[in-house]
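Participant: Just so it is clear, I am handing over start.cif, which has mmCIF, C-alpha atoms.
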```cif
data_final
#
loop_
_atom_site.label_atom_id
_atom_site.label_comp_id
_atom_site.auth_asym_id
_atom_site.auth_seq_id
_atom_site.Cartn_x
_atom_site.Cartn_y
_atom_site.Cartn_z
CA GLU A 1 -28.75 -24.69 15.06
CA ALA A 2 -30.32 -22.70 17.87
CA ALA A 3 -33.88 -21.54 17.33
CA VAL A 4 -34.79 -18.10 18.63
CA THR A 5 -38.22 -16.66 17.91
CA GLN A 6 -39.58 -13.18 18.61
CA SER A 7 -43.05 -11.71 18.74
CA PRO A 8 -44.55 -9.55 17.53
CA ARG A 9 -42.51 -8.96 14.37
CA ASN A 10 -43.89 -5.44 14.02
CA LYS A 11 -45.44 -3.15 16.59
CA VAL A 12 -46.73 0.41 16.46
CA THR A 13 -47.58 2.27 19.63
CA VAL A 14 -48.02 5.85 20.80
CA THR A 15 -45.86 7.93 23.10
CA GLY A 16 -46.51 6.87 26.68
CA GLY A 17 -47.79 3.47 25.64
CA ASN A 18 -46.95 0.15 27.24
CA VAL A 19 -45.15 -2.45 25.11
CA THR A 20 -43.90 -5.98 25.77
CA LEU A 21 -41.58 -7.73 23.33
CA SER A 22 -41.27 -11.50 23.67
CA CYS A 23 -38.42 -13.86 22.94
CA ARG A 24 -38.26 -17.66 23.18
CA GLN A 25 -35.33 -19.97 22.57
CA THR A 26 -35.75 -23.72 22.38
CA ASN A 27 -32.19 -24.94 22.87
CA SER A 28 -31.93 -24.56 26.64
CA HIS A 29 -29.25 -21.90 26.38
CA ASN A 30 -28.30 -20.28 29.67
CA TYR A 31 -27.69 -16.80 28.37
CA MET A 32 -30.18 -14.50 26.67
CA TYR A 33 -29.74 -10.91 25.46
CA TRP A 34 -31.79 -7.99 24.22
CA TYR A 35 -30.28 -5.55 21.69
CA ARG A 36 -31.49 -2.56 19.76
CA GLN A 37 -30.19 -1.85 16.26
CA ASP A 38 -29.99 1.68 14.91
CA THR A 39 -28.23 2.94 11.80
CA GLY A 40 -24.81 4.29 12.68
CA HIS A 41 -24.75 2.52 16.05
CA GLY A 42 -24.75 -1.16 15.21
CA LEU A 43 -26.29 -3.36 17.89
CA ARG A 44 -26.32 -2.13 21.47
CA LEU A 45 -26.96 -4.33 24.49
CA ILE A 46 -29.97 -3.36 26.59
CA HIS A 47 -30.31 -6.19 29.16
CA TYR A 48 -29.17 -9.78 29.50
CA SER A 49 -29.73 -12.78 31.71
CA TYR A 50 -27.97 -15.99 32.65
CA GLY A 51 -31.02 -17.90 33.81
CA ALA A 52 -34.61 -17.76 35.01
CA GLY A 53 -35.11 -14.94 37.48
CA ASN A 54 -31.74 -13.36 36.72
CA LEU A 55 -31.32 -9.94 35.10
CA GLN A 56 -28.19 -7.98 34.24
CA ILE A 57 -28.03 -4.38 33.03
CA GLY A 58 -26.51 -3.76 29.62
CA ASP A 59 -25.04 -0.69 28.00
CA VAL A 60 -28.24 1.23 27.08
CA PRO A 61 -30.80 0.22 29.77
CA ASP A 62 -32.62 3.53 30.32
CA GLY A 63 -36.36 3.26 29.68
CA TYR A 64 -36.33 -0.54 29.51
CA LYS A 65 -37.12 -3.33 31.92
CA ALA A 66 -36.68 -7.03 31.28
CA THR A 67 -37.76 -10.25 32.86
CA ARG A 68 -36.61 -13.85 32.38
CA THR A 69 -39.48 -16.07 33.46
CA THR A 70 -38.11 -19.45 32.37
CA GLN A 71 -35.00 -20.88 30.73
CA GLU A 72 -36.73 -20.34 27.38
CA ASP A 73 -38.52 -16.99 27.74
CA PHE A 74 -37.11 -13.47 27.99
CA PHE A 75 -39.27 -10.35 27.81
CA LEU A 76 -38.43 -6.70 27.17
CA LEU A 77 -40.80 -4.13 28.66
CA LEU A 78 -41.24 -0.49 27.69
CA GLU A 79 -43.62 1.00 30.24
CA LEU A 80 -43.71 4.58 28.93
CA ALA A 81 -42.62 4.33 25.33
CA SER A 82 -40.94 7.34 23.73
CA PRO A 83 -40.16 8.11 20.06
CA SER A 84 -36.44 7.64 20.83
CA GLN A 85 -37.22 3.95 21.40
CA THR A 86 -38.30 3.50 17.78
CA SER A 87 -35.84 0.85 16.67
CA LEU A 88 -35.26 -2.71 15.53
CA TYR A 89 -34.99 -5.04 18.52
CA PHE A 90 -33.18 -8.36 18.54
CA CYS A 91 -33.07 -11.13 21.06
CA ALA A 92 -30.16 -13.57 21.16
CA SER A 93 -29.14 -16.63 23.12
CA SER A 94 -25.89 -18.39 23.90
CA ASP A 95 -24.90 -21.50 25.78
CA ALA A 96 -21.69 -19.75 26.83
CA THR A 97 -19.94 -23.00 27.72
CA GLY A 98 -16.84 -21.18 26.55
CA PHE A 99 -16.30 -17.62 27.59
CA TYR A 100 -16.55 -16.45 24.01
CA ALA A 101 -19.48 -18.51 22.76
CA GLU A 102 -21.44 -17.65 19.63
CA GLN A 103 -24.72 -15.80 20.02
CA PHE A 104 -27.77 -16.90 18.01
CA PHE A 105 -30.19 -14.15 17.03
CA GLY A 106 -33.91 -14.06 16.44
CA PRO A 107 -35.54 -12.41 13.41
CA GLY A 108 -36.17 -9.10 15.16
CA THR A 109 -39.11 -6.89 16.13
CA ARG A 110 -39.54 -3.53 14.48
CA LEU A 111 -41.04 -1.07 16.97
CA THR A 112 -42.41 2.32 15.99
CA VAL A 113 -43.39 4.83 18.68
CA LEU A 114 -45.52 7.67 17.31
CA GLN B 1 -17.11 1.51 27.21
CA GLN B 2 -14.48 0.08 24.89
CA LYS B 3 -15.38 0.97 21.33
CA VAL B 4 -15.22 -0.86 18.03
CA GLN B 5 -15.02 1.24 14.86
CA GLN B 6 -15.77 -0.19 11.44
CA SER B 7 -14.85 1.08 7.99
CA PRO B 8 -15.98 1.72 5.39
CA GLU B 9 -19.66 2.42 6.11
CA SER B 10 -20.57 1.00 2.72
CA LEU B 11 -18.77 -0.88 0.01
CA ILE B 12 -19.64 -1.86 -3.54
CA VAL B 13 -17.65 -4.63 -5.24
CA PRO B 14 -18.13 -6.40 -8.56
CA GLU B 15 -19.16 -10.03 -8.61
CA GLY B 16 -16.02 -12.16 -8.38
CA GLY B 17 -14.06 -9.37 -6.73
CA MET B 18 -12.45 -9.08 -3.31
CA ALA B 19 -14.24 -7.27 -0.48
CA SER B 20 -12.19 -5.97 2.44
CA LEU B 21 -13.82 -4.81 5.66
CA ASN B 22 -11.98 -3.23 8.56
CA CYS B 23 -12.41 -2.85 12.28
CA THR B 24 -10.32 -1.07 14.92
CA PHE B 25 -10.71 -1.48 18.66
CA SER B 26 -9.55 0.62 21.57
CA ASP B 27 -8.87 -1.94 24.29
CA ARG B 28 -5.45 -3.58 24.19
CA ASN B 29 -6.83 -6.32 26.43
CA SER B 30 -9.30 -7.43 23.75
CA GLN B 31 -8.77 -11.11 23.09
CA TYR B 32 -11.55 -12.48 20.92
CA PHE B 33 -13.48 -11.18 17.93
CA TRP B 34 -16.45 -12.26 15.88
CA TRP B 35 -17.70 -11.34 12.44
CA TYR B 36 -21.49 -11.43 11.99
CA ARG B 37 -23.47 -11.06 8.79
CA GLN B 38 -27.03 -9.78 8.54
CA HIS B 39 -29.11 -10.16 5.40
CA SER B 40 -32.01 -7.78 4.93
CA GLY B 41 -35.00 -8.71 7.08
CA GLU B 42 -33.10 -11.24 9.16
CA GLY B 43 -31.17 -11.36 12.41
CA PRO B 44 -27.35 -11.38 12.44
CA LYS B 45 -25.61 -14.74 12.01
CA ALA B 46 -22.09 -15.56 13.05
CA LEU B 47 -19.59 -15.95 10.21
CA MET B 48 -16.40 -16.68 12.06
CA SER B 49 -14.34 -15.87 15.10
CA ILE B 50 -10.66 -15.10 15.56
CA PHE B 51 -8.47 -14.79 18.65
CA SER B 52 -4.91 -15.42 17.48
CA ASN B 53 -2.74 -12.92 15.64
CA GLY B 54 -2.59 -13.68 11.94
CA ASP B 55 -5.02 -15.10 9.43
CA LYS B 56 -7.90 -17.53 9.78
CA LYS B 57 -9.49 -18.86 6.61
CA GLU B 58 -12.92 -20.43 6.22
CA GLY B 59 -13.81 -21.02 2.59
CA ARG B 60 -13.95 -17.71 0.75
CA PHE B 61 -13.69 -15.76 4.01
CA THR B 62 -10.41 -14.80 5.69
CA ALA B 63 -10.21 -12.93 8.99
CA HIS B 64 -7.03 -11.18 10.03
CA LEU B 65 -6.14 -10.02 13.53
CA ASN B 66 -3.31 -7.73 14.58
CA LYS B 67 -3.51 -7.06 18.31
CA ALA B 68 -0.49 -4.73 18.27
CA SER B 69 -2.21 -2.35 15.86
CA LEU B 70 -5.67 -2.96 17.38
CA HIS B 71 -7.03 -4.04 14.02
CA VAL B 72 -9.17 -6.87 12.72
CA SER B 73 -10.33 -7.32 9.12
CA LEU B 74 -12.46 -9.59 6.98
CA HIS B 75 -11.68 -10.37 3.35
CA ILE B 76 -14.20 -12.01 1.07
CA LYS B 77 -12.72 -13.62 -2.01
CA ASP B 78 -14.75 -14.23 -5.19
CA SER B 79 -17.65 -12.13 -3.86
CA GLN B 80 -21.15 -13.27 -4.82
CA PRO B 81 -24.43 -11.32 -4.94
CA SER B 82 -25.58 -13.46 -2.01
CA ASP B 83 -22.76 -11.88 0.05
CA SER B 84 -24.63 -8.55 -0.12
CA ALA B 85 -25.47 -7.84 3.50
CA LEU B 86 -24.60 -5.82 6.57
CA TYR B 87 -21.39 -7.02 8.25
CA PHE B 88 -20.55 -6.42 11.89
CA CYS B 89 -17.37 -7.04 13.79
CA ALA B 90 -17.76 -7.56 17.51
CA ARG B 91 -15.38 -7.69 20.45
CA ALA B 92 -16.21 -10.55 22.80
CA SER B 93 -16.07 -10.30 26.56
CA SER B 94 -15.33 -13.24 28.83
CA SER B 95 -18.11 -11.92 31.06
CA PHE B 96 -21.38 -13.61 30.05
CA SER B 97 -20.07 -13.89 26.46
CA LYS B 98 -21.16 -10.30 25.91
CA LEU B 99 -20.46 -8.66 22.56
CA VAL B 100 -19.65 -5.05 21.71
CA PHE B 101 -20.52 -4.42 18.08
CA GLY B 102 -19.15 -1.99 15.55
CA GLN B 103 -21.58 0.15 13.60
CA GLY B 104 -21.52 -2.13 10.56
CA THR B 105 -20.42 -2.12 6.92
CA SER B 106 -23.03 -2.46 4.17
CA LEU B 107 -21.67 -4.61 1.35
CA SER B 108 -23.25 -4.67 -2.11
CA VAL B 109 -21.96 -7.14 -4.69
CA VAL B 110 -23.08 -6.13 -8.16
CA PRO B 111 -23.21 -8.41 -11.22
#
```
Please render this file's structure as structure tokens.
Facilitator:
Amino acid sequence: EAAVTQSPRNKVTVTGGNVTLSCRQTNSHNYMYWYRQDTGHGLRLIHYSYGAGNLQIGDVPDGYKATRTTQEDFFLLLELASPSQTSLYFCASSDATGFYAEQFFGPGTRLTVL
Amino acid sequence: QQKVQQSPESLIVPEGGMASLNCTFSDRNSQYFWWYRQHSGEGPKALMSIFSNGDKKEGRFTAHLNKASLHVSLHIKDSQPSDSALYFCARASSSFSKLVFGQGTSLSVVP
């Protein structure tokens, strides 16, 4: 089974702060995704990537940047954090050999912006 | 954006009972659906997928898809306390294997 790890698991910052969330997958999957999870909204796609150096915009990208430095590593950046970005963030990966491949999720990072 | 609506928001079933979760989608071109389960403190994990009209059974879990009525459901037979979790249906896109999730159903199985 695919292994996806995230760090940190919990993060507290202040409004206007700078935050980087990290994700690593060890199964050489091509595709990686960042989601946020909020009650009443399910999981919403922020950014995704199909390989090192590639970045695609998701459905709720405002206020977020992302960077895929290697096949394994995908980062989510909040450069001016706001309270509305308080959420549970998940990273996922997929090999997408079929168009409808399963996504494997990490354990999540809980971010609180005060 | 094509939406996915889940119902009910929460569901309580007795141990050994049947749990039924529902999902409606708005895009008649939707082809492929996933059910994911998320236990407290963990990330979501895929339960099963379905893309053909009709039923698909995997153990105690049966997914049903009706494209004409834009409806997909999940039925859990002989529910166990370990089935207590948040359940999401998701519409899959052929583009980058993206998923559009519903808002989730919280299932509690009580002894």
Participant: Applying 8 Å and only C-alpha atoms, which residues near Asp78 in chain B remain after dropping the ones on its own chain fewer than 2 positions away? List them as a ChimeraX atom specification.
Facilitator: /B:15-18,60,76,80
Participant: Which residues, named as in the file, does the PyMOL selection byres ((chain B) within 12 of (chain A)) pick out? Answer as number ranges by chain.
Facilitator: B: 1-10, 30-51, 86-106
Participant: Find the spatial neighbours of range 70-74 of chain A, counting only C-alpha atoms, within a cut-off of 7 Å - ignore same-chain residues fewer than 4 positions away - and output them as a PyMOL selection string.
Facilitator: chain A and resi 22-26+28+30+51-52
Participant: Any chance you could work out the residue set of the PyMOL selection byres ((chain A and resi 78) around 10) here, as number ranges by chain?
Facilitator: A: 16-21, 62-66, 76-77, 79-82, 85
Participant: Enter the distance from CA of Ala3 in chain A to CA of His29 in chain A, in Å, rounded to one decimal.
Facilitator: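 Pair CA of Ala3 in chain A / CA of His29 in chain A returns 10.2 Å.
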Participant: So what do you get for CA of Cys23 in chain B versus CA of Val72 in chain B, distance-wise?
Facilitator: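 If I compute the distance from CA of Cys23 in chain B to CA of Val72 in chain B, I get 5.2 Å.
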Participant: Would you mind reading off the distance between CA of Ile12 in chain B and CA of Ala63 in chain B, one decimal, in Å?
Facilitator: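 So the two atoms, CA of Ile12 in chain B and CA of Ala63 in chain B, lie 19.2 Å apart.
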Participant: Give me the result of the PyMOL selection byres ((chain B and resi 21) around 6) on this file, residue by residue, as a ChimeraX atom specification.
Facilitator: /B:20,22,73-74
Participant: For the point (-45.6, -0.4, 14.5) in file coordinates, what residues are within 10 Å, counting all atoms listed in the file? Give the answer as a VMD selection string?
Facilitator: chain A and resid 8 to 14 86 109 to 114
Participant: Taking into account only C-alpha atoms, which residue in the set B:Pro14, B:Ala19, B:Val109, B:Ser26 is nearest to Pro81 in chain B?
Facilitator: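 Answer, going by the shortest atom-to-atom distance: B:Val109.
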